[in-house]
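What's in final_20.txt: compact mmCIF, C-alpha atoms and all ligand atoms
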# COMPACT_ATOMS: atom_id res chain seq x y z
CA MET A 1 116.76 76.78 63.87
CA SER A 2 114.74 79.55 65.53
CA LYS A 3 110.97 79.31 65.72
CA ILE A 4 108.17 81.75 65.10
CA ALA A 5 104.61 80.42 65.12
CA GLY A 6 104.09 78.52 61.88
CA MET A 7 107.52 79.54 60.57
CA VAL A 8 110.93 77.96 60.42
CA GLN A 9 114.17 79.85 59.93
CA CYS A 10 116.67 78.70 57.34
CA PRO A 11 119.86 77.79 59.22
CA SER A 12 121.94 78.87 56.25
CA CYS A 13 120.58 82.23 55.07
CA GLY A 14 118.27 83.11 57.98
CA LEU A 15 115.11 83.45 55.89
CA TYR A 16 111.84 82.78 57.72
CA ILE A 17 109.74 80.30 55.80
CA GLY A 18 106.10 79.33 56.29
CA ARG A 19 106.02 75.63 57.17
CA ALA A 20 103.25 74.87 54.72
CA ALA A 21 104.74 76.84 51.86
CA VAL A 22 107.84 74.80 51.10
CA GLY A 23 108.76 71.28 50.20
CA GLY A 24 111.36 71.05 52.92
CA HIS A 25 113.86 73.41 51.30
CA CYS A 26 114.64 77.10 51.70
CA PRO A 27 113.45 78.89 48.54
CA GLU A 28 116.29 81.39 48.89
CA CYS A 29 119.35 79.14 49.19
CA GLY A 30 118.00 75.60 48.72
CA THR A 31 119.10 74.41 52.17
CA ALA A 32 117.18 71.38 53.42
CA LEU A 33 115.25 72.31 56.56
CA ASP A 34 115.49 68.77 57.91
CA ARG A 35 118.80 68.27 59.70
CA ALA A 36 119.37 64.70 58.48
CA GLU A 37 118.66 65.65 54.90
CA ARG A 38 120.84 68.75 55.22
CA SER A 39 123.84 66.67 56.24
CA LYS A 40 123.59 64.75 52.95
CA GLN A 41 123.22 67.89 50.86
CA LYS A 42 126.05 69.13 48.66
CA CYS A 43 127.03 72.76 49.03
CA VAL A 44 127.94 74.99 46.09
CA LEU A 45 129.71 78.30 46.61
CA LEU A 46 129.00 80.72 43.79
CA ALA A 47 131.05 83.91 43.49
CA ASP A 48 129.94 86.28 40.76
CA SER A 49 129.51 90.06 40.80
CA SER A 50 126.41 89.89 38.58
CA SER A 51 123.15 89.29 40.44
CA LYS A 52 121.61 88.19 37.14
CA ILE A 53 124.21 85.44 36.66
CA ARG A 54 123.95 84.42 40.33
CA GLY A 55 120.18 84.16 39.99
CA LYS A 56 120.40 81.93 36.92
CA ILE A 57 123.03 79.60 38.36
CA SER A 58 121.48 79.37 41.81
CA THR A 59 118.17 78.30 40.24
CA ILE A 60 119.95 75.39 38.53
CA VAL A 61 121.93 74.48 41.64
CA LYS A 62 118.78 74.40 43.79
CA GLN A 63 116.98 72.29 41.17
CA LEU A 64 119.82 69.78 41.51
CA GLY A 65 119.03 69.52 45.23
CA CYS A 66 122.14 71.36 46.41
CA ARG A 67 122.27 74.30 48.74
CA ILE A 68 123.94 77.46 47.51
CA VAL A 69 126.08 80.08 49.18
CA GLU A 70 126.57 83.28 47.20
CA ALA A 71 129.41 85.78 47.21
CA VAL A 72 129.69 89.03 45.24
CA ASN A 73 133.50 89.30 45.25
CA SER A 74 136.67 87.32 45.90
CA ASN A 75 137.10 88.40 49.51
CA GLU A 76 133.61 87.31 50.41
CA ALA A 77 134.08 84.08 48.45
CA LEU A 78 137.23 83.19 50.41
CA HIS A 79 135.53 83.99 53.71
CA LEU A 80 132.42 81.96 52.87
CA ALA A 81 134.54 79.08 51.58
CA THR A 82 136.19 78.64 54.98
CA VAL A 83 132.83 78.92 56.77
CA SER A 84 130.68 76.72 54.53
CA LYS A 85 133.31 74.22 53.26
CA PRO A 86 131.66 73.87 49.84
CA ASP A 87 131.73 70.70 47.73
CA LEU A 88 132.08 72.81 44.59
CA VAL A 89 133.11 76.41 43.94
CA ILE A 90 132.03 78.40 40.89
CA LEU A 91 134.19 81.50 40.50
CA GLU A 92 133.77 84.39 38.11
CA ALA A 93 137.10 85.19 36.50
CA SER A 94 136.69 88.96 36.62
CA MET A 95 135.31 90.15 39.92
CA PRO A 96 135.64 93.78 41.04
CA ASP A 97 138.28 93.11 43.71
CA ASP A 98 140.23 90.37 41.96
CA ASP A 99 140.56 88.47 38.71
CA GLY A 100 139.12 85.35 40.33
CA ILE A 101 142.32 83.46 39.65
CA GLY A 102 143.79 85.10 42.76
CA ALA A 103 140.88 83.63 44.71
CA LEU A 104 141.45 80.26 43.04
CA HIS A 105 145.12 80.44 44.04
CA GLU A 106 144.17 81.28 47.66
CA LEU A 107 141.70 78.38 47.77
CA ARG A 108 144.38 75.99 46.53
CA HIS A 109 146.55 77.01 49.48
CA THR A 110 143.82 76.91 52.14
CA VAL A 111 143.76 73.93 54.49
CA ARG A 112 140.88 71.53 53.73
CA LEU A 113 139.85 73.53 50.66
CA GLY A 114 142.87 72.78 48.48
CA ASN A 115 141.19 69.88 46.69
CA THR A 116 137.75 71.44 46.30
CA PRO A 117 136.66 71.39 42.63
CA VAL A 118 136.60 74.91 41.21
CA ILE A 119 134.89 75.93 37.99
CA MET A 120 135.86 79.28 36.48
CA LEU A 121 133.05 81.23 34.89
CA THR A 122 134.33 83.78 32.46
CA ALA A 123 133.86 85.77 29.32
CA LYS A 124 137.64 85.78 28.86
CA ALA A 125 139.14 82.93 26.89
CA ASP A 126 142.57 84.41 26.23
CA LEU A 127 145.50 82.03 26.54
CA GLN A 128 146.99 83.80 29.57
CA THR A 129 143.81 83.64 31.66
CA VAL A 130 143.18 80.01 30.75
CA SER A 131 146.76 78.92 31.42
CA ARG A 132 146.84 80.72 34.79
CA ALA A 133 143.60 78.99 35.74
CA LEU A 134 145.05 75.63 34.68
CA GLN A 135 148.25 76.27 36.65
CA ASN A 136 146.04 76.63 39.72
CA GLN A 137 144.29 73.32 39.05
CA VAL A 138 140.99 74.69 37.86
CA SER A 139 138.54 71.79 37.41
CA ASP A 140 136.58 73.23 34.53
CA TYR A 141 136.27 76.43 32.59
CA ILE A 142 132.92 77.74 31.40
CA LEU A 143 132.66 80.49 28.84
CA ASN A 144 129.92 82.85 29.80
CA CYS A 145 129.33 84.86 26.67
CA PRO A 146 126.66 87.53 26.96
CA ASN A 147 124.10 87.46 24.15
CA ARG A 148 124.54 83.77 23.58
CA ARG A 149 121.54 81.65 24.30
CA ASP A 150 123.55 78.49 24.91
CA GLN A 151 125.55 79.87 27.84
CA GLU A 152 123.93 77.57 30.37
CA THR A 153 124.66 74.39 28.46
CA PRO A 154 128.19 73.76 29.81
CA LEU A 155 127.05 74.03 33.44
CA THR A 156 124.31 71.49 32.86
CA ALA A 157 126.75 69.25 31.04
CA SER A 158 129.36 69.21 33.80
CA GLY A 159 127.10 69.54 36.82
CA ALA A 160 123.91 67.63 36.24
CA GLN A 161 124.76 64.50 34.35
ZN ZN B 1 118.11 79.72 53.12

Written as structure tokens, that's how I'd like the structure from this file.
Amino acid sequence: MSKIAGMVQCPSCGLYIGRAAVGGHCPECGTALDRAERSKQKCVLLADSSSKIRGKISTIVKQLGCRIVEAVNSNEALHLATVSKPDLVILEASMPDDDGIGALHELRHTVRLGNTPVIMLTAKADLQTVSRALQNQVSDYILNCPNRRDQETPLTASGAQ
């Protein structure tokens, strides 16, 4: 952790944070600034091309006391997964560079990441997409339907309780 007078740098995202301003966590990614606390923290990797969706989910993840690593496409998600070794991966099923299921398949065949729980986040509920996700041992499947107010309910149900 680098030091600037009165500031600490987040070891995860690099943000400089005023010591007095935070309750021990990076406001950007939720990482605990205390090393001992950080080692106990769960890490969630979120890959979604929509900054709006990422913003909503990361708020919930940080409220749960986890730190969050965000990716905007499958390639970045796979790279960050090997670097951050997440405890949970949330993958959008239709990212610009991939259908997300390709990334899920890659994760399942990556050493030390093969058993990581993966939740697919998607607006697609067609049988083919769902069965391909299930074939690749998806842990859960959340329908993210635009214009529906209850879209956050499933995440809370599977993640928080
Ligand atoms: Zn941070």

May I have a table of the residues of chain A lying at most 8 Å from ligand ZN 1 (chain B), giving each one's closest pair of atoms and their distance in Å to one decimal, counting only C-alpha atoms and all ligand atoms, ordered by chain and ascending residue number, as a tab-separated table?
residue	atom	partner	partner_atom	distance
A:Gln9	CA	B:ZN1	ZN	7.9
A:Cys10	CA	B:ZN1	ZN	4.6
A:Pro11	CA	B:ZN1	ZN	6.6
A:Ser12	CA	B:ZN1	ZN	5.0
A:Cys13	CA	B:ZN1	ZN	4.0
A:Gly14	CA	B:ZN1	ZN	5.9
A:Leu15	CA	B:ZN1	ZN	5.5
A:His25	CA	B:ZN1	ZN	7.8
A:Cys26	CA	B:ZN1	ZN	4.6
A:Pro27	CA	B:ZN1	ZN	6.6
A:Glu28	CA	B:ZN1	ZN	4.9
A:Cys29	CA	B:ZN1	ZN	4.2
A:Gly30	CA	B:ZN1	ZN	6.0
A:Thr31	CA	B:ZN1	ZN	5.5

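As for CA of Ile60 in chain A and CA of Asn144 in chain A, they are spaced 15.2 Å apart.
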
>> Let me make sure I understand: among A:Ser49, A:Gln63, A:Thr82, A:Asn73, which one has the smallest atom-to-atom distance to Arg112 in chain A if we use only C-alpha atoms?
In response: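 Using only C-alpha atoms, Arg112 in chain A sits closest to A:Thr82.
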
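Going from CA of Asp48 in chain A over to CA of Gly65 in chain A, you cover 20.5 Å.
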
Residue neighbourhood Asp99 in chain A, 12 Å, all atoms listed in the file, exclusion window fewer than 2 positions, as a short mmCIF file (atom, residue, chain, number, x, y, z; two decimals) with C-alpha atoms, in the coordinates of the input:
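To be explicit, this is the file written out as out05.cif:
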data_model
loop_
_atom_site.label_atom_id
_atom_site.label_comp_id
_atom_site.auth_asym_id
_atom_site.auth_seq_id
_atom_site.Cartn_x
_atom_site.Cartn_y
_atom_site.Cartn_z
CA ALA A 47 131.05 83.91 43.49
CA ASP A 48 129.94 86.28 40.76
CA SER A 49 129.51 90.06 40.80
CA ASN A 73 133.50 89.30 45.25
CA SER A 74 136.67 87.32 45.90
CA ASN A 75 137.10 88.40 49.51
CA LEU A 91 134.19 81.50 40.50
CA GLU A 92 133.77 84.39 38.11
CA ALA A 93 137.10 85.19 36.50
CA SER A 94 136.69 88.96 36.62
CA MET A 95 135.31 90.15 39.92
CA PRO A 96 135.64 93.78 41.04
CA ASP A 97 138.28 93.11 43.71
CA ILE A 101 142.32 83.46 39.65
CA GLY A 102 143.79 85.10 42.76
CA ALA A 103 140.88 83.63 44.71
CA LEU A 104 141.45 80.26 43.04
CA HIS A 105 145.12 80.44 44.04
CA MET A 120 135.86 79.28 36.48
CA LEU A 121 133.05 81.23 34.89
CA THR A 122 134.33 83.78 32.46
CA ALA A 123 133.86 85.77 29.32
CA LYS A 124 137.64 85.78 28.86
CA THR A 129 143.81 83.64 31.66
CA VAL A 130 143.18 80.01 30.75
CA ARG A 132 146.84 80.72 34.79
CA ALA A 133 143.60 78.99 35.74
#

Can you sort out the box for range 117-125 of chain A, edges along x, y and z, all listed atoms in, 3 Å on every side, with centre and edge lengths in Å to one decimal, as lines of an AutoDock Vina configuration file?
center_x = 136.1
center_y = 78.6
center_z = 34.8
size_x = 12.1
size_y = 20.4
size_z = 21.7

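Restricting the calculation to all atoms listed in the file, the smallest distance between Lys85 in chain A and any of A:Gly23, A:Gly6, A:Pro117, A:Gly18 is found for A:Pro117.
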
>> Which residue is closest to Leu143 in chain A? Choose from A:Cys66, A:Gln128, A:Ile119, A:Arg54 and count all atoms listed in the file.
In response: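 Among the listed residues, the smallest separation from Leu143 in chain A belongs to A:Ile119.
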
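The space separating CA of Leu78 in chain A from CA of Arg38 in chain A comes to 22.4 Å.
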
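Within 6 Å of Val44 in chain A, once all atoms listed in the file are used and residues closer than 3 positions along the same chain are dropped, the contacting residues are Ile68, Pro86, Asp87, Leu88 and Val89 of chain A.
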
> Quick one: of A:Lys40, A:Ile4, A:Arg108, A:Glu70, who's nearest to Ser84 in chain A, counting all atoms listed in the file?
Replying inline: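 Distance minimum relative to Ser84 in chain A lands on A:Glu70.
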
> Of the candidates A:Val72, A:Tyr141, A:Arg67, A:Arg19, which shows the shortest atom-to-atom distance to Ser51 in chain A, using only C-alpha atoms?
Replying inline: A:Val72

>> Restricting the calculation to only C-alpha atoms: of A:Ile17, A:Leu64, A:Ile90, A:Leu113, which residue gets closest to Gln41 in chain A?
In response: A:Leu64
